[in-house]
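Participant: Got a structure for you, upload_17.cif, holding mmCIF, C-alpha atoms.
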```
data_model
#
loop_
_atom_site.group_PDB
_atom_site.id
_atom_site.type_symbol
_atom_site.label_atom_id
_atom_site.label_comp_id
_atom_site.auth_asym_id
_atom_site.auth_seq_id
_atom_site.Cartn_x
_atom_site.Cartn_y
_atom_site.Cartn_z
ATOM 1 C CA MET A 1 165.383 67.183 164.737
ATOM 2 C CA SER A 2 165.879 64.445 167.227
ATOM 3 C CA ARG A 3 166.800 64.845 170.853
ATOM 4 C CA ASP A 4 170.173 63.238 170.046
ATOM 5 C CA ASP A 5 171.212 66.009 167.651
ATOM 6 C CA SER A 6 173.918 68.259 169.068
ATOM 7 C CA PRO A 7 173.149 71.986 169.223
ATOM 8 C CA LYS A 8 175.692 72.536 166.431
ATOM 9 C CA ASP A 9 173.914 69.955 164.245
ATOM 10 C CA GLN A 10 170.557 71.578 165.037
ATOM 11 C CA HIS A 11 171.906 75.025 164.144
ATOM 12 C CA ARG A 12 173.318 73.670 160.866
ATOM 13 C CA LEU A 13 169.934 72.083 160.017
ATOM 14 C CA ILE A 14 168.114 75.344 160.781
ATOM 15 C CA ALA A 15 170.573 77.341 158.638
ATOM 16 C CA THR A 16 170.229 74.906 155.741
ATOM 17 C CA ALA A 17 166.430 75.056 155.995
ATOM 18 C CA MET A 18 166.496 78.873 156.109
ATOM 19 C CA ASN A 19 168.707 79.070 153.011
ATOM 20 C CA ALA A 20 166.636 76.541 151.063
ATOM 21 C CA GLY A 21 163.235 77.644 152.403
ATOM 22 C CA SER A 22 163.576 81.313 151.534
ATOM 23 C CA PRO A 23 163.005 81.871 147.802
ATOM 24 C CA GLN A 24 165.135 85.015 147.952
ATOM 25 C CA ALA A 25 168.052 83.351 149.786
ATOM 26 C CA ARG A 26 167.850 80.406 147.402
ATOM 27 C CA ALA A 27 167.812 82.682 144.335
ATOM 28 C CA LEU A 28 170.807 84.635 145.629
ATOM 29 C CA GLY A 29 172.718 81.422 146.393
ATOM 30 C CA PHE A 30 173.302 82.034 150.105
ATOM 31 C CA GLU A 31 175.555 79.497 151.791
ATOM 32 C CA THR A 32 176.149 79.201 155.534
ATOM 33 C CA LEU A 33 179.873 78.651 156.083
ATOM 34 C CA GLU A 34 179.866 78.587 159.889
ATOM 35 C CA ILE A 35 177.184 78.564 162.554
ATOM 36 C CA GLY A 36 177.149 78.111 166.320
ATOM 37 C CA GLY A 37 177.629 79.936 169.585
ATOM 38 C CA GLY A 38 175.499 82.865 168.487
ATOM 39 C CA VAL A 39 177.586 83.426 165.341
ATOM 40 C CA ALA A 40 176.733 82.847 161.685
ATOM 41 C CA ILE A 41 178.956 83.407 158.663
ATOM 42 C CA LEU A 42 177.248 83.385 155.273
ATOM 43 C CA LYS A 43 178.420 83.901 151.708
ATOM 44 C CA VAL A 44 176.710 85.208 148.610
ATOM 45 C CA PRO A 45 178.664 84.204 145.493
ATOM 46 C CA TYR A 46 179.349 86.876 142.906
ATOM 47 C CA ARG A 47 177.202 86.534 139.797
ATOM 48 C CA PRO A 48 176.424 89.078 137.076
ATOM 49 C CA GLU A 49 172.670 88.692 137.820
ATOM 50 C CA ILE A 50 173.066 90.323 141.258
ATOM 51 C CA VAL A 51 175.125 93.311 140.128
ATOM 52 C CA GLY A 52 173.475 96.654 140.850
ATOM 53 C CA ASP A 53 175.405 98.785 138.349
ATOM 54 C CA PRO A 54 176.717 97.004 135.234
ATOM 55 C CA GLU A 55 179.310 99.757 134.670
ATOM 56 C CA THR A 56 181.012 99.102 138.007
ATOM 57 C CA GLY A 57 180.213 95.399 138.432
ATOM 58 C CA VAL A 58 179.400 95.938 142.124
ATOM 59 C CA ILE A 59 176.851 93.661 143.818
ATOM 60 C CA ALA A 60 173.585 95.516 144.489
ATOM 61 C CA GLY A 61 173.093 97.077 147.918
ATOM 62 C CA GLY A 62 169.809 95.191 148.335
ATOM 63 C CA VAL A 63 171.701 91.898 148.101
ATOM 64 C CA VAL A 64 174.029 93.087 150.889
ATOM 65 C CA THR A 65 171.001 94.102 152.982
ATOM 66 C CA THR A 66 169.381 90.710 152.483
ATOM 67 C CA LEU A 67 172.645 88.920 153.312
ATOM 68 C CA LEU A 68 173.090 90.879 156.553
ATOM 69 C CA ASP A 69 169.471 90.298 157.606
ATOM 70 C CA HIS A 70 169.687 86.591 156.828
ATOM 71 C CA ALA A 71 173.043 86.153 158.610
ATOM 72 C CA SER A 72 171.702 88.072 161.609
ATOM 73 C CA SER A 73 168.618 85.875 161.889
ATOM 74 C CA GLN A 74 170.760 82.748 161.696
ATOM 75 C CA ALA A 75 172.983 84.138 164.475
ATOM 76 C CA VAL A 76 169.897 84.585 166.672
ATOM 77 C CA HIS A 77 168.926 80.956 166.074
ATOM 78 C CA ALA A 78 172.518 79.935 166.829
ATOM 79 C CA ALA A 79 172.268 81.688 170.204
ATOM 80 C CA MET A 80 168.991 80.050 171.275
ATOM 81 C CA ALA A 81 168.804 76.806 173.240
ATOM 82 C CA GLU A 82 165.477 75.886 171.605
ATOM 83 C CA TRP A 83 164.139 76.824 168.198
ATOM 84 C CA THR A 84 161.330 79.315 167.960
ATOM 85 C CA THR A 85 160.103 81.614 165.244
ATOM 86 C CA ILE A 86 161.725 85.023 164.986
ATOM 87 C CA ALA A 87 161.027 88.210 163.045
ATOM 88 C CA THR A 88 163.190 91.217 162.225
ATOM 89 C CA LEU A 89 162.099 94.165 164.381
ATOM 90 C CA ASP A 90 164.813 96.600 163.372
ATOM 91 C CA LEU A 91 167.721 96.521 160.921
ATOM 92 C CA ARG A 92 170.079 99.454 160.541
ATOM 93 C CA ILE A 93 172.836 99.260 157.950
ATOM 94 C CA ASP A 94 175.738 101.635 157.391
ATOM 95 C CA TYR A 95 177.315 101.252 153.949
ATOM 96 C CA MET A 96 181.005 102.069 154.204
ATOM 97 C CA ARG A 97 182.340 101.393 150.720
ATOM 98 C CA PRO A 98 181.362 99.675 147.482
ATOM 99 C CA ALA A 99 181.961 95.945 147.324
ATOM 100 C CA GLU A 100 184.848 94.898 145.094
ATOM 101 C CA PRO A 101 183.639 93.911 141.612
ATOM 102 C CA GLY A 102 183.823 90.205 140.825
ATOM 103 C CA ARG A 103 184.161 89.164 144.494
ATOM 104 C CA ASP A 104 181.949 87.041 146.732
ATOM 105 C CA ILE A 105 180.649 88.827 149.825
ATOM 106 C CA LEU A 106 180.671 87.288 153.294
ATOM 107 C CA ALA A 107 178.612 88.351 156.288
ATOM 108 C CA ARG A 108 179.529 87.622 159.897
ATOM 109 C CA ALA A 109 176.770 88.142 162.440
ATOM 110 C CA HIS A 110 176.962 87.804 166.219
ATOM 111 C CA CYS A 111 173.928 87.640 168.510
ATOM 112 C CA TYR A 112 175.430 89.299 171.576
ATOM 113 C CA LYS A 113 172.284 89.489 173.754
ATOM 114 C CA LEU A 114 169.094 87.471 174.112
ATOM 115 C CA THR A 115 166.294 88.626 176.362
ATOM 116 C CA ARG A 116 163.000 86.845 176.947
ATOM 117 C CA SER A 117 161.525 88.458 173.842
ATOM 118 C CA VAL A 118 164.293 90.092 171.764
ATOM 119 C CA GLY A 119 167.630 89.059 170.247
ATOM 120 C CA PHE A 120 170.260 91.739 169.515
ATOM 121 C CA VAL A 121 172.801 91.330 166.715
ATOM 122 C CA ARG A 122 175.814 93.080 165.201
ATOM 123 C CA ALA A 123 176.971 92.093 161.721
ATOM 124 C CA VAL A 124 179.417 93.082 158.999
ATOM 125 C CA ALA A 125 179.609 92.334 155.274
ATOM 126 C CA TYR A 126 183.079 92.047 153.725
ATOM 127 C CA GLU A 127 185.189 90.301 151.075
ATOM 128 C CA ASP A 128 188.398 89.260 152.865
ATOM 129 C CA HIS A 129 188.230 90.283 156.509
ATOM 130 C CA PRO A 130 185.568 91.726 158.835
ATOM 131 C CA ASP A 131 187.980 94.549 159.745
ATOM 132 C CA ASN A 132 187.459 96.016 156.253
ATOM 133 C CA PRO A 133 183.654 95.991 155.955
ATOM 134 C CA VAL A 134 181.514 96.861 152.983
ATOM 135 C CA ALA A 135 178.688 97.477 155.444
ATOM 136 C CA ALA A 136 177.923 97.136 159.147
ATOM 137 C CA ALA A 137 174.543 96.306 160.660
ATOM 138 C CA GLN A 138 172.801 96.467 164.008
ATOM 139 C CA ALA A 139 169.593 94.440 164.317
ATOM 140 C CA ALA A 140 166.909 93.378 166.761
ATOM 141 C CA PHE A 141 164.701 90.301 166.356
ATOM 142 C CA MET A 142 161.426 89.426 168.073
ATOM 143 C CA LEU A 143 161.575 85.934 169.579
ATOM 144 C CA ASP A 144 158.567 83.610 169.351
ATOM 145 C CA SER A 145 157.055 85.832 166.690
ATOM 146 C CA SER A 146 154.239 83.326 166.130
ATOM 147 C CA ALA A 147 153.206 83.519 169.816
ATOM 148 C CA GLY A 148 153.661 79.794 170.319
ATOM 149 C CA ARG A 149 151.654 78.768 167.234
ATOM 150 C CA LYS A 150 153.176 76.197 164.902
ATOM 151 C CA PRO A 151 155.191 77.545 161.927
ATOM 152 C CA GLY A 152 152.931 78.769 159.141
ATOM 153 C CA ALA A 153 149.899 79.152 161.409
ATOM 154 C CA ASN A 154 149.604 82.801 160.403
ATOM 155 C CA LEU A 155 149.325 81.973 156.704
ATOM 156 C CA LYS A 156 145.933 82.068 155.030
ATOM 157 C CA PRO A 157 144.757 78.709 153.703
ATOM 158 C CA PRO A 158 144.685 78.505 149.909
ATOM 159 C CA ARG A 159 141.442 79.823 148.451
ATOM 160 C CA ASP A 160 139.212 77.304 146.715
ATOM 161 C CA PRO A 161 139.067 78.322 143.022
ATOM 162 C CA GLY A 162 135.318 77.544 143.056
ATOM 163 C CA ASP A 163 134.657 80.130 145.792
ATOM 164 C CA LYS A 164 133.482 83.546 144.665
ATOM 165 C CA ALA A 165 135.523 86.351 146.157
#
```
As structure tokens, please, write out the structure in this file.
Facilitator:
Amino acid sequence: MSRDDSPKDQHRLIATAMNAGSPQARALGFETLEIGGGVAILKVPYRPEIVGDPETGVIAGGVVTTLLDHASSQAVHAAMAEWTTIATLDLRIDYMRPAEPGRDILARAHCYKLTRSVGFVRAVAYEDHPDNPVAAAQAAFMLDSSAGRKPGANLKPPRDPGDKA
């Protein structure tokens, strides 16, 4: 990102990278519809492959969990002035009703408080309007989870196939 990018452009780039860079988000087809001002709205399109119970046609609860976590993390990034790594510390989800079969699910997340080290988020998953949620979430995220190291610094280097374990 260049210094000339607006915060909204930077947030959009981060959201796009998060959706494409996470194998799970990519496999589920997550799309960020809106981002900025500490708010992120994401969509997971309905597909038979993500249905939890074929008899009901309802999207699996794990997909809803992943969507809420992903939307919440994007909301934290959308609330920060400068990018840093983050990690989910806590995610509590209350499931309120089954999703409607054959429908896409949206998630709206709002980062309502940033401290020096933690971001706090509220989120809902829904089909048509956030006032009729499928699930509601409360989350906390650790800021600068890599302790200032560059992204990926905590990953082990690939093992040389010639090395004996």
Participant: Let me make sure I understand: among A:Gly102, A:Pro7, A:Gly119, A:Pro45, which one has the smallest atom-to-atom distance to Leu89 of chain A if we use all atoms listed in the file?
Facilitator: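 Checking each of A:Gly102, A:Pro7, A:Gly119, A:Pro45 against Leu89 of chain A, counting all atoms listed in the file, the winner is A:Gly119.
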Participant: List every residue of segment 34-108 of chain A that has an atom at most 10 Å from any atom of segment 120-135 of chain A, giving for each one its closest atom pair and the distance in Å to one decimal, counting only C-alpha atoms, sorted by chain and then by ascending residue number, as JSON lines.
Facilitator:
```
{"residue": "A:Gly38", "atom": "CA", "partner": "A:Val121", "partner_atom": "CA", "distance": 9.1}
{"residue": "A:Val39", "atom": "CA", "partner": "A:Val121", "partner_atom": "CA", "distance": 9.3}
{"residue": "A:Ala40", "atom": "CA", "partner": "A:Ala123", "partner_atom": "CA", "distance": 9.2}
{"residue": "A:Ile41", "atom": "CA", "partner": "A:Ala123", "partner_atom": "CA", "distance": 9.4}
{"residue": "A:Leu42", "atom": "CA", "partner": "A:Ala125", "partner_atom": "CA", "distance": 9.3}
{"residue": "A:Lys43", "atom": "CA", "partner": "A:Ala125", "partner_atom": "CA", "distance": 9.2}
{"residue": "A:Gly61", "atom": "CA", "partner": "A:Ala135", "partner_atom": "CA", "distance": 9.4}
{"residue": "A:Val64", "atom": "CA", "partner": "A:Ala125", "partner_atom": "CA", "distance": 7.1}
{"residue": "A:Thr65", "atom": "CA", "partner": "A:Ala135", "partner_atom": "CA", "distance": 8.7}
{"residue": "A:Leu67", "atom": "CA", "partner": "A:Ala125", "partner_atom": "CA", "distance": 8.0}
{"residue": "A:Leu68", "atom": "CA", "partner": "A:Ala123", "partner_atom": "CA", "distance": 6.6}
{"residue": "A:Asp69", "atom": "CA", "partner": "A:Ala123", "partner_atom": "CA", "distance": 8.7}
{"residue": "A:Ala71", "atom": "CA", "partner": "A:Ala123", "partner_atom": "CA", "distance": 7.8}
{"residue": "A:Ser72", "atom": "CA", "partner": "A:Val121", "partner_atom": "CA", "distance": 6.2}
{"residue": "A:Ser73", "atom": "CA", "partner": "A:Val121", "partner_atom": "CA", "distance": 8.4}
{"residue": "A:Ala75", "atom": "CA", "partner": "A:Val121", "partner_atom": "CA", "distance": 7.5}
{"residue": "A:Val76", "atom": "CA", "partner": "A:Val121", "partner_atom": "CA", "distance": 7.3}
{"residue": "A:Leu89", "atom": "CA", "partner": "A:Phe120", "partner_atom": "CA", "distance": 9.9}
{"residue": "A:Asp90", "atom": "CA", "partner": "A:Phe120", "partner_atom": "CA", "distance": 9.5}
{"residue": "A:Leu91", "atom": "CA", "partner": "A:Val121", "partner_atom": "CA", "distance": 9.3}
{"residue": "A:Arg92", "atom": "CA", "partner": "A:Arg122", "partner_atom": "CA", "distance": 9.8}
{"residue": "A:Ile93", "atom": "CA", "partner": "A:Ala135", "partner_atom": "CA", "distance": 6.6}
{"residue": "A:Asp94", "atom": "CA", "partner": "A:Ala135", "partner_atom": "CA", "distance": 5.5}
{"residue": "A:Tyr95", "atom": "CA", "partner": "A:Ala135", "partner_atom": "CA", "distance": 4.3}
{"residue": "A:Met96", "atom": "CA", "partner": "A:Ala135", "partner_atom": "CA", "distance": 5.3}
{"residue": "A:Arg97", "atom": "CA", "partner": "A:Val134", "partner_atom": "CA", "distance": 5.1}
{"residue": "A:Pro98", "atom": "CA", "partner": "A:Val134", "partner_atom": "CA", "distance": 6.2}
{"residue": "A:Ala99", "atom": "CA", "partner": "A:Val134", "partner_atom": "CA", "distance": 5.8}
{"residue": "A:Glu100", "atom": "CA", "partner": "A:Glu127", "partner_atom": "CA", "distance": 7.6}
{"residue": "A:Arg103", "atom": "CA", "partner": "A:Glu127", "partner_atom": "CA", "distance": 6.8}
{"residue": "A:Asp104", "atom": "CA", "partner": "A:Glu127", "partner_atom": "CA", "distance": 6.3}
{"residue": "A:Ile105", "atom": "CA", "partner": "A:Glu127", "partner_atom": "CA", "distance": 4.9}
{"residue": "A:Leu106", "atom": "CA", "partner": "A:Tyr126", "partner_atom": "CA", "distance": 5.4}
{"residue": "A:Ala107", "atom": "CA", "partner": "A:Ala125", "partner_atom": "CA", "distance": 4.2}
{"residue": "A:Arg108", "atom": "CA", "partner": "A:Ala123", "partner_atom": "CA", "distance": 5.5}
```
Participant: Could you check which residues have any atom within 12 Å of (175.3, 95.8, 139.5), counting all atoms listed in the file with coordinates taken straight from the file, and then list them as a list of chain:residue names?
Facilitator: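 Neighbouring residues, ordered by chain and number, come to A:Tyr46, A:Arg47, A:Pro48, A:Glu49, A:Ile50, A:Val51, A:Gly52, A:Asp53, A:Pro54, A:Glu55, A:Thr56, A:Gly57, A:Val58, A:Ile59, A:Ala60, A:Gly61, A:Gly62, A:Val63, A:Val64, A:Pro98, A:Ala99, A:Glu100, A:Pro101, A:Gly102.
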Participant: I need the residue nearest Glu31 of chain A from this list: A:Asn19, A:Thr88, A:Gln138, A:Thr66. Use all atoms listed in the file for the distance.
Facilitator: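 Of A:Asn19, A:Thr88, A:Gln138, A:Thr66, the one nearest Glu31 of chain A, counting all atoms listed in the file, is A:Asn19.
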Participant: Need to verify the contact set: Ser117 of chain A, 8 Å, only C-alpha atoms, exclusion of same-chain residues closer than 5 positions in sequence. Can you return it as a list of chain:residue names?
Facilitator: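 Neighbouring residues, sequence-local ones excluded: A:Met142, A:Leu143, A:Asp144.
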Participant: Counting all atoms listed in the file, figure out which residue out of A:Cys111, A:Ile35, A:Val44, A:Ala140 gets nearest to Ala87 of chain A.
Facilitator: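 Smallest distance to Ala87 of chain A is found for A:Ala140.
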Participant: Rounded to one decimal place, report the atom CA of Phe30 of chain A-atom CA of Ala15 of chain A distance in Å.
Facilitator: 10.1 Å
Participant: Atom CA of Gln74 of chain A and atom CA of Met18 of chain A, how far apart in Å?
Facilitator: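 Computing it gives 8.0 Å between the two atoms.
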Participant: If I take atom CA of Leu13 of chain A and atom CA of Met80 of chain A, how far is one from the other in Å, to one decimal?
Facilitator: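 If I compute the distance from atom CA of Leu13 of chain A to atom CA of Met80 of chain A, I get 13.8 Å.
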Participant: Which is closer to Ser146 of chain A than all the others in A:Lys164, A:His110, A:His77, A:Thr85, using only C-alpha atoms?
Facilitator: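 With only C-alpha atoms as the atom set, the closest residue is A:Thr85.
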